[in-house]
Structures are given as structure tokens and as C-alpha cells.
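Data first, discussion second: the structure below is written as C-alpha cells.
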Amino acid sequence: MKLPVLLSFALLVLTGCSEKKPDPQSLSEPAYSKQYRNQALTTIVSLSETNIPTSGKITLMLEVHTPDGVEPDFPILGNFIEPFSVADGYSEPIQTLPNGKSLHRNVWVLVPGLPGESVFQSLEIRAGRDRIKTEPISVTVTSLLPPGTDELKIRDIAAPIEQLPEQQKKRRSIYSVIGIILVLALIPFIIFLLRKPKIESPRLPHEAAFQSLENLPEDPVQRIHELNRIFRTYHEARSGVPMIGKTAVELSVVLDDTEILQFLETCDDIRFSNKVPDGFAVEAEQFVRSTIEKPKEVPE
């Protein structure tokens, strides 16, 4: 009789001492849990922890009880959990409670950002006409690093050797002499810069005109306007006849060049009609360039 009893006792001891693996889907007792109710809508908000290290995680569970056939609108966490972020999440199948209501459960795994005090903002849950708004939740994130290690400081291995009063006085004298020499050396240079005249070489009329011709716009109307401006500016500088702001009719009194007057008259027509005749843009550019190049030709 003793052998079966001993075997039974040993079996009980082994069974009681064996480690039971926890269910990976089961949740531990939440450190925070609060229930809200509005008419037929019930909401339970649970957090696995509210004080974690920066390497930890928090499980946020949201349970919503609704009448049969009513689907709740779960909020999108987004900015509500900043500076936390969602690492994982899932939705459980809908269950029917003994009171006939439907149980909807969503679970998220949250990871922290920076250490410090964080506040999860209020969440709004809707189901049909009923609405529930939860209260903010405070969560503390503790850094695993010792205080002050996040500051970038260069620390000496050994403390600097304290100098004698005579050495300190001698060093100050050397620094003063060096400073005075540098100031005296800079004074003539500053005076030279202040007195140096700024020489600006004036550009000749044809140089300014050629430079402007290199940057003509692509639009035909704007191109004609720019060619008209370049020609008038150049001709006024060369001949001394005021041309800026005057029409071809007004200039016909002082100009006797039929080709120039015809060019200016066409430019005036384009200014009012915004229509460029076919081929005129190319002809206008050639006319302006040839006019500018004429004074530079060397007679035979």
C-alpha cells in the first residue's frame, strides 16, 4: 500500500511544481481601467501599465458594448497617444454577452517615445445615436540611462593643475600684449579699406544692349516688348534723342529713318493688340542686332 501512495504523492508534487506557460493572448490585470456608460452604449478603457521604462510597452484595450446589430466607430489613435506609437494591434471576433448586447474589443500595443510625462488625449466612441468621450490618461515614461548621460560634455580625466599667482599674472600680461599688437595691426588695414574708392567701370551702350539680348523671354509678345525697350534705350544713349515712353508718331518728328519708324510703329501695334505677326519676332531681333553692330563696323 505504501508504494502506490508514494507514487501518487510524487505525481502531485511534480504537477504542482511544473511551470505553466502563460497564454500569449491573455492580458494581465490592467494598471488602469475605467468604464463609461451612456444609454445603451458602454465603453471600458484599460491600460496594462501607466509607468514604464523607455524600453517597455503598453497594451491598450478598448471594449465597447452595443445593442445587437449596432457597429461602433472605433477612433483612430493617431495624435491621441503622442509621443507613443502603435507597434501592433488586432481586433477580436464579436461576442454576444448574456444580456444580449454585442462585445467589440480592440487591442493595441504601444511603445513610448521620449521619457517624461505623457497624456493620452480623450477618445470619442460612437454607436448609433449614442456617444461616449473618455477622460485623458497620464502615463509616465522613465529613462533607463543615469541622469545627465544625455548631455554632451567633454570632461577632463584629471583636474587641471592650479597655477601660481605669478604665473597667472604673467599669462595675463602676454595675452594683453598680443591683443594690443593685433588691434594696432588692424587699424591701418581698416583705414585702407575705408579710404579705398570703389571703382565701377561704366558699361558702354552696346555692351549693355548685347547683354540684354542674351536674356530675351520665350513668349513672342514679351520678346517684342523687350526688343523694343533694348532698341529705344540703346538709340537714346547713342543719339541723345529721348525715345523711352514715346510713340512712333511722336518720334516721327525727330527721326527721319523710315526703317526705324516702321519698327517702332509695329512694336506699338503689338503692345495694344498682343498679337505678333508671323516671322516678326525673328526680323525684330535681327534688326536690333544689326543696328547695334553698325557703329562697331570698321570702314574700309
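Each chain in the C-alpha cells gets a letter, A, B and so on, in the order shown; residues start at 1 in every chain, and ligands are counted from 1 in the order they appear.
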Give me the residues near segment 95-99 of chain A as a tab-separated table (two decimals) with N, CA and C atoms, in the first residue's frame, where near means some atom within 10 Å (using only C-alpha atoms) and where sequence neighbours in that chain fewer than 2 positions away do not count.
chain	number	residue	atom	x	y	z
A	65	HIS	N	-19.60	47.84	-25.60
A	65	HIS	CA	-20.83	47.03	-25.56
A	65	HIS	C	-21.93	47.81	-26.26
A	66	THR	N	-22.49	47.21	-27.31
A	66	THR	CA	-23.54	47.88	-28.08
A	66	THR	C	-24.75	46.96	-28.20
A	67	PRO	N	-25.93	47.53	-28.49
A	67	PRO	CA	-27.08	46.67	-28.79
A	67	PRO	C	-26.80	45.77	-29.98
A	68	ASP	N	-27.48	44.67	-30.05
A	68	ASP	CA	-27.26	43.68	-31.11
A	68	ASP	C	-27.49	44.33	-32.48
A	92	GLU	N	-10.64	41.53	-31.87
A	92	GLU	CA	-11.17	40.21	-31.55
A	92	GLU	C	-12.53	40.00	-32.21
A	93	PRO	N	-12.91	38.75	-32.45
A	93	PRO	CA	-14.24	38.50	-33.02
A	93	PRO	C	-15.34	39.03	-32.09
A	101	LYS	N	-26.30	42.01	-25.53
A	101	LYS	CA	-25.51	43.01	-26.22
A	101	LYS	C	-24.31	42.36	-26.91
A	102	SER	N	-23.71	43.13	-27.83
A	102	SER	CA	-22.54	42.65	-28.56
A	102	SER	C	-21.28	43.28	-27.96
A	103	LEU	N	-20.25	42.44	-27.79
A	103	LEU	CA	-18.97	42.91	-27.25
A	103	LEU	C	-17.98	43.06	-28.40
A	104	HIS	N	-17.49	44.30	-28.57
A	104	HIS	CA	-16.46	44.60	-29.57
A	104	HIS	C	-15.18	44.98	-28.82
A	105	ARG	N	-14.08	44.33	-29.16
A	105	ARG	CA	-12.83	44.57	-28.42
A	105	ARG	C	-11.69	44.79	-29.41
List every residue of segment 155-282 of chain A that DSSP, applied to the backbone, labels as alpha helix (DSSP H), and write the result as a PyMOL selection string. chain A and resi 165-195+205-213+220-239+248-251+258-273+280-282
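Distance annotation: of A:Phe263, A:Phe280, A:Phe272, A:Phe210, the residue with the minimal separation from Glu293 of chain A is A:Phe210; atom set is only C-alpha atoms.
Here the question is which of A:Val221, A:Leu110, A:Pro75, A:Asp130 gets nearest to Ser273 of chain A using only C-alpha atoms, and that residue is A:Val221.
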Name all residues at most 12 Å from segment 112-121 of chain A (count only C-alpha atoms; drop same-chain ones fewer than 2 positions away) and give them as a count of residues only. 46
As a ChimeraX atom specification, which residues of segment 86-275 of chain A does DSSP assign to strand (DSSP E)? /A:86-91,95-96,102-111,116-120,124-127,130-133,137-142
May I have the residues within 10 Å of Pro277 of chain A as an MDAnalysis selection string, using only C-alpha atoms and disregarding those fewer than 6 positions away in the same chain? chainID A and resid 220:221 266 270
Interatomic distance between atom CA of Gln35 of chain A and atom CA of Val64 of chain A? 9.8 Å
